[in-house]
$ cat query-v6.pdb   # PDB, C-alpha atoms, pLDDT in the B column
ATOM      1  CA  MET A   1     103.104 123.252 116.872  1.00 72.00           C
ATOM      2  CA  ILE A   2     101.894 121.203 113.924  1.00 79.00           C
ATOM      3  CA  GLY A   3     102.427 117.466 114.364  1.00 80.00           C
ATOM      4  CA  HIS A   4     101.665 116.428 110.815  1.00 79.00           C
ATOM      5  CA  LEU A   5      99.945 117.516 107.642  1.00 80.00           C
ATOM      6  CA  THR A   6      97.997 114.941 105.677  1.00 80.00           C
ATOM      7  CA  LEU A   7      97.042 115.528 102.071  1.00 80.00           C
ATOM      8  CA  LYS A   8      94.252 113.313 100.800  1.00 83.00           C
ATOM      9  CA  THR A   9      94.442 111.986  97.256  1.00 85.00           C
ATOM     10  CA  ASN A  10      92.698 109.463  95.065  1.00 85.00           C
ATOM     11  CA  GLU A  11      96.068 108.175  93.820  1.00 83.00           C
ATOM     12  CA  PRO A  12      98.518 107.872  96.760  1.00 79.00           C
ATOM     13  CA  PRO A  13     101.290 105.994  94.892  1.00 79.00           C
ATOM     14  CA  HIS A  14     101.325 108.553  92.055  1.00 79.00           C
ATOM     15  CA  VAL A  15     101.320 111.589  94.360  1.00 78.00           C
ATOM     16  CA  ALA A  16     103.775 109.975  96.790  1.00 76.00           C
ATOM     17  CA  SER A  17     106.299 109.591  93.958  1.00 77.00           C
ATOM     18  CA  PHE A  18     106.437 113.394  93.774  1.00 76.00           C
ATOM     19  CA  TYR A  19     107.265 113.596  97.492  1.00 71.00           C
ATOM     20  CA  GLU A  20     109.951 110.899  97.146  1.00 71.00           C
ATOM     21  CA  GLN A  21     112.205 113.735  95.979  1.00 69.00           C
ATOM     22  CA  LEU A  22     112.042 115.469  99.388  1.00 63.00           C
ATOM     23  CA  PRO A  23     114.716 113.490 101.276  1.00 60.00           C
ATOM     24  CA  GLY A  24     117.593 114.961  99.326  1.00 59.00           C
ATOM     25  CA  GLN A  25     116.370 118.459 100.012  1.00 69.00           C
ATOM     26  CA  THR A  26     114.991 118.228 103.558  1.00 72.00           C
ATOM     27  CA  GLY A  27     116.451 115.118 105.165  1.00 78.00           C
ATOM     28  CA  ALA A  28     112.960 113.608 105.483  1.00 78.00           C
ATOM     29  CA  LYS A  29     112.843 109.818 105.704  1.00 78.00           C
ATOM     30  CA  ARG A  30     110.067 107.440 104.781  1.00 78.00           C
ATOM     31  CA  LYS A  31     107.865 106.661 107.782  1.00 79.00           C
ATOM     32  CA  ILE A  32     105.021 104.831 106.022  1.00 78.00           C
ATOM     33  CA  LYS A  33     104.469 103.517 102.497  1.00 78.00           C
ATOM     34  CA  SER A  34     101.628 101.341 101.196  1.00 80.00           C
ATOM     35  CA  ASP A  35      99.065 101.335  98.381  1.00 79.00           C
ATOM     36  CA  CYS A  36      96.851 103.806 100.251  1.00 81.00           C
ATOM     37  CA  ARG A  37      99.320 105.998 102.151  1.00 81.00           C
ATOM     38  CA  ALA A  38     102.824 107.411 102.312  1.00 80.00           C
ATOM     39  CA  ALA A  39     104.420 109.630 104.938  1.00 81.00           C
ATOM     40  CA  ARG A  40     107.807 111.264 105.411  1.00 81.00           C
ATOM     41  CA  GLY A  41     109.386 113.144 108.250  1.00 82.00           C
ATOM     42  CA  VAL A  42     112.751 114.191 109.623  1.00 82.00           C
ATOM     43  CA  ARG A  43     112.161 113.085 113.233  1.00 81.00           C
ATOM     44  CA  PRO A  44     109.170 112.443 115.534  1.00 76.00           C
ATOM     45  CA  THR A  45     109.536 115.864 117.153  1.00 78.00           C
ATOM     46  CA  GLN A  46     109.153 117.705 113.833  1.00 81.00           C
ATOM     47  CA  THR A  47     106.235 118.093 111.467  1.00 82.00           C
ATOM     48  CA  SER A  48     105.729 115.228 109.031  1.00 83.00           C
ATOM     49  CA  LEU A  49     103.870 115.097 105.719  1.00 83.00           C
ATOM     50  CA  GLY A  50     101.508 112.327 104.661  1.00 84.00           C
ATOM     51  CA  VAL A  51      99.698 111.568 101.421  1.00 84.00           C
ATOM     52  CA  ILE A  52      96.729 109.317 102.144  1.00 84.00           C
ATOM     53  CA  LYS A  53      93.638 107.966 100.414  1.00 84.00           C
ATOM     54  CA  PRO A  54      90.504 109.003 102.356  1.00 83.00           C
ATOM     55  CA  TYR A  55      89.656 106.439 105.054  1.00 80.00           C
ATOM     56  CA  ASP A  56      86.006 106.236 103.965  1.00 83.00           C
ATOM     57  CA  ASP A  57      87.023 105.189 100.410  1.00 81.00           C
ATOM     58  CA  ASN A  58      85.162 108.160  98.939  1.00 84.00           C
ATOM     59  CA  ALA A  59      86.902 110.546  96.562  1.00 84.00           C
ATOM     60  CA  ALA A  60      89.367 113.075  97.930  1.00 84.00           C
ATOM     61  CA  THR A  61      87.426 116.336  97.732  1.00 82.00           C
ATOM     62  CA  ALA A  62      87.416 119.663  99.553  1.00 77.00           C
ATOM     63  CA  GLY A  63      85.072 118.196 102.180  1.00 74.00           C
ATOM     64  CA  ASN A  64      87.026 114.942 102.446  1.00 76.00           C
ATOM     65  CA  ALA A  65      90.558 116.157 102.149  1.00 69.00           C
ATOM     66  CA  ALA A  66      93.362 117.512 104.318  1.00 79.00           C
ATOM     67  CA  MET A  67      94.058 116.937 108.001  1.00 80.00           C
ATOM     68  CA  ILE A  68      96.324 118.856 110.358  1.00 84.00           C
ATOM     69  CA  SER A  69      97.331 117.554 113.772  1.00 83.00           C
ATOM     70  CA  LEU A  70      98.447 119.816 116.605  1.00 82.00           C
ATOM     71  CA  VAL A  71     100.925 118.707 119.245  1.00 82.00           C
ATOM     72  CA  VAL A  72     100.335 119.324 122.946  1.00 83.00           C
ATOM     73  CA  ASP A  73     102.238 117.817 125.844  1.00 85.00           C
ATOM     74  CA  SER A  74      99.315 116.453 127.861  1.00 87.00           C
ATOM     75  CA  HIS A  75      95.720 115.195 127.605  1.00 86.00           C
ATOM     76  CA  ALA A  76      94.765 117.717 130.256  1.00 88.00           C
ATOM     77  CA  LYS A  77      95.674 120.613 127.956  1.00 84.00           C
ATOM     78  CA  VAL A  78      93.538 119.150 125.170  1.00 81.00           C
ATOM     79  CA  HIS A  79      90.489 119.040 127.457  1.00 85.00           C
ATOM     80  CA  ALA A  80      91.169 122.277 129.362  1.00 84.00           C
ATOM     81  CA  PRO A  81      88.626 125.096 128.897  1.00 82.00           C
ATOM     82  CA  SER A  82      89.879 127.819 126.574  1.00 73.00           C
ATOM     83  CA  VAL A  83      90.618 131.237 128.001  1.00 61.00           C
TER
END
$ encode --input "query-v6.pdb" --output "structure tokens"
Amino acid sequence: MIGHLTLKTNEPPHVASFYEQLPGQTGAKRKIKSDCRAARGVRPTQTSLGVIKPYDDNAATAGNAAMISLVVDSHAKVHAPSV
């Protein structure tokens, strides 16, 4: 299951304003909002969406862009050998 999707942008406040329209349509609530990031989600057990300026302060580009997190229920499963 996907934990969250993060879209990188050079202008988080501008892009986040577009996603401010989501609550009325999806029930998503603001989880984080600052000058460099914004995130919305319905609940912790469902996928959330973030819009974030790259952590290294470089431009948001194809090589410095999106992030997807996957949810697992234990550290052991993360480190287990694949089959």
$ closest_residue --input "query-v6.pdb" --among "A:Val51, A:Met67, A:Ala38, A:Ala59" --to "A:Gly3" --atoms "only C-alpha atoms"
A:Met67
$ closest_residue --input "query-v6.pdb" --among "A:Arg40, A:Asn10, A:Thr45, A:Met1" --to "A:Asn58" --atoms "only C-alpha atoms"
A:Asn10
$ resolve_selection --input "query-v6.pdb" --expression "the PyMOL selection byres ((chain A and resi 55) around 12)" --output "ChimeraX atom specification"
/A:6,8-10,36-37,51-54,56-60,64-67
$ write_last_selection --input "query-v6.pdb" --atoms "C-alpha atoms" --output "mmCIF file, in the coordinates of the input"
data_model
loop_
_atom_site.group_PDB
_atom_site.id
_atom_site.type_symbol
_atom_site.label_atom_id
_atom_site.label_comp_id
_atom_site.auth_asym_id
_atom_site.auth_seq_id
_atom_site.Cartn_x
_atom_site.Cartn_y
_atom_site.Cartn_z
ATOM 1 C CA THR A 6 97.997 114.941 105.677
ATOM 2 C CA LYS A 8 94.252 113.313 100.800
ATOM 3 C CA THR A 9 94.442 111.986 97.256
ATOM 4 C CA ASN A 10 92.698 109.463 95.065
ATOM 5 C CA CYS A 36 96.851 103.806 100.251
ATOM 6 C CA ARG A 37 99.320 105.998 102.151
ATOM 7 C CA VAL A 51 99.698 111.568 101.421
ATOM 8 C CA ILE A 52 96.729 109.317 102.144
ATOM 9 C CA LYS A 53 93.638 107.966 100.414
ATOM 10 C CA PRO A 54 90.504 109.003 102.356
ATOM 11 C CA ASP A 56 86.006 106.236 103.965
ATOM 12 C CA ASP A 57 87.023 105.189 100.410
ATOM 13 C CA ASN A 58 85.162 108.160 98.939
ATOM 14 C CA ALA A 59 86.902 110.546 96.562
ATOM 15 C CA ALA A 60 89.367 113.075 97.930
ATOM 16 C CA ASN A 64 87.026 114.942 102.446
ATOM 17 C CA ALA A 65 90.558 116.157 102.149
ATOM 18 C CA ALA A 66 93.362 117.512 104.318
ATOM 19 C CA MET A 67 94.058 116.937 108.001
#
$ resolve_selection --input "query-v6.pdb" --expression "the PyMOL selection byres ((chain A and resi 29) around 8)" --output "list in words"
Pro23, Gly27, Ala28, Arg30, Lys31, Arg40, Gly41 and Val42 of chain A
$ write_last_selection --input "query-v6.pdb" --atoms "C-alpha atoms" --output "CSV table (one decimal), in the frame of the given file"
chain,number,residue,atom,x,y,z
A,23,PRO,CA,114.7,113.5,101.3
A,27,GLY,CA,116.5,115.1,105.2
A,28,ALA,CA,113.0,113.6,105.5
A,30,ARG,CA,110.1,107.4,104.8
A,31,LYS,CA,107.9,106.7,107.8
A,40,ARG,CA,107.8,111.3,105.4
A,41,GLY,CA,109.4,113.1,108.2
A,42,VAL,CA,112.8,114.2,109.6
$ resolve_selection --input "query-v6.pdb" --expression "the PyMOL selection byres ((chain A and resi 69) around 7)" --output "PyMOL selection string"
chain A and resi 2-5+67-68+70-71
$ atom_distance --input "query-v6.pdb" --atom1 "atom CA of A:Ala39" --atom2 "atom CA of A:Val78"
24.9 Å
$ axis_aligned_box --input "query-v6.pdb" --around "stretch 42-56 of chain A" --padding-each-side "3 Å" --output "AutoDock Vina command-line options"
--center_x 99.4 --center_y 112.2 --center_z 108.8 --size_x 32.7 --size_y 17.9 --size_z 22.7
$ atom_distance --input "query-v6.pdb" --atom1 "atom CA of A:Ile32" --atom2 "atom CA of A:Ser48"
10.8 Å
$ atom_distance --input "query-v6.pdb" --atom1 "atom CA of A:Leu49" --atom2 "atom CA of A:Tyr19"
9.0 Å
$ residues_near_point --input "query-v6.pdb" --point "(100.1, 103.7, 96.1)" --cutoff "8 Å" --atoms "only C-alpha atoms" --output "PyMOL selection string"
chain A and resi 11-14+16+33-38
$ build_atoms --input "query-v6.pdb" --residues "stretch 6-33 of chain A" --atoms "N, CA and C atoms" --output "short mmCIF file (atom, residue, chain, number, x, y, z; two decimals), in the frame of the given file"
data_model
loop_
_atom_site.label_atom_id
_atom_site.label_comp_id
_atom_site.auth_asym_id
_atom_site.auth_seq_id
_atom_site.Cartn_x
_atom_site.Cartn_y
_atom_site.Cartn_z
N THR A 6 98.38 116.06 106.51
CA THR A 6 98.00 114.94 105.68
C THR A 6 97.23 115.47 104.48
N LEU A 7 97.71 115.16 103.31
CA LEU A 7 97.04 115.53 102.07
C LEU A 7 96.31 114.30 101.57
N LYS A 8 95.03 114.44 101.30
CA LYS A 8 94.25 113.31 100.80
C LYS A 8 94.32 113.31 99.28
N THR A 9 94.36 112.12 98.71
CA THR A 9 94.44 111.99 97.26
C THR A 9 93.74 110.70 96.84
N ASN A 10 93.30 110.67 95.61
CA ASN A 10 92.70 109.46 95.06
C ASN A 10 93.76 108.51 94.52
N GLU A 11 94.99 108.98 94.38
CA GLU A 11 96.07 108.18 93.82
C GLU A 11 97.34 108.29 94.67
N PRO A 12 97.34 107.73 95.88
CA PRO A 12 98.52 107.87 96.76
C PRO A 12 99.85 107.48 96.13
N PRO A 13 99.97 106.34 95.43
CA PRO A 13 101.29 105.99 94.89
C PRO A 13 101.81 107.03 93.89
N HIS A 14 100.93 107.56 93.05
CA HIS A 14 101.32 108.55 92.06
C HIS A 14 101.78 109.85 92.73
N VAL A 15 100.99 110.34 93.67
CA VAL A 15 101.32 111.59 94.36
C VAL A 15 102.54 111.39 95.25
N ALA A 16 102.63 110.24 95.91
CA ALA A 16 103.78 109.98 96.79
C ALA A 16 105.09 110.00 96.02
N SER A 17 105.06 109.59 94.75
CA SER A 17 106.30 109.59 93.96
C SER A 17 106.86 111.00 93.82
N PHE A 18 105.98 112.01 93.79
CA PHE A 18 106.44 113.39 93.77
C PHE A 18 107.19 113.73 95.06
N TYR A 19 106.66 113.29 96.20
CA TYR A 19 107.26 113.60 97.49
C TYR A 19 108.49 112.74 97.79
N GLU A 20 108.74 111.71 96.98
CA GLU A 20 109.95 110.90 97.15
C GLU A 20 111.20 111.74 96.91
N GLN A 21 111.07 112.87 96.26
CA GLN A 21 112.20 113.74 95.98
C GLN A 21 112.60 114.57 97.19
N LEU A 22 111.76 114.62 98.23
CA LEU A 22 112.04 115.47 99.39
C LEU A 22 113.27 115.08 100.21
N PRO A 23 113.61 113.82 100.38
CA PRO A 23 114.72 113.49 101.28
C PRO A 23 116.01 114.20 100.96
N GLY A 24 116.35 114.30 99.69
CA GLY A 24 117.59 114.96 99.33
C GLY A 24 117.61 116.44 99.67
N GLN A 25 116.45 117.03 99.75
CA GLN A 25 116.37 118.46 100.01
C GLN A 25 116.08 118.79 101.47
N THR A 26 115.40 117.91 102.19
CA THR A 26 114.99 118.23 103.56
C THR A 26 115.51 117.27 104.62
N GLY A 27 116.02 116.12 104.20
CA GLY A 27 116.45 115.12 105.16
C GLY A 27 115.31 114.24 105.64
N ALA A 28 114.11 114.41 105.07
CA ALA A 28 112.96 113.61 105.48
C ALA A 28 113.15 112.16 105.07
N LYS A 29 112.75 111.25 105.96
CA LYS A 29 112.84 109.82 105.70
C LYS A 29 111.45 109.22 105.62
N ARG A 30 111.34 108.12 104.90
CA ARG A 30 110.07 107.44 104.78
C ARG A 30 109.65 106.88 106.13
N LYS A 31 108.42 107.19 106.54
CA LYS A 31 107.86 106.66 107.78
C LYS A 31 106.84 105.58 107.48
N ILE A 32 106.07 105.77 106.41
CA ILE A 32 105.02 104.83 106.02
C ILE A 32 104.95 104.80 104.50
N LYS A 33 104.74 103.61 103.93
CA LYS A 33 104.47 103.52 102.50
C LYS A 33 103.64 102.27 102.24
#
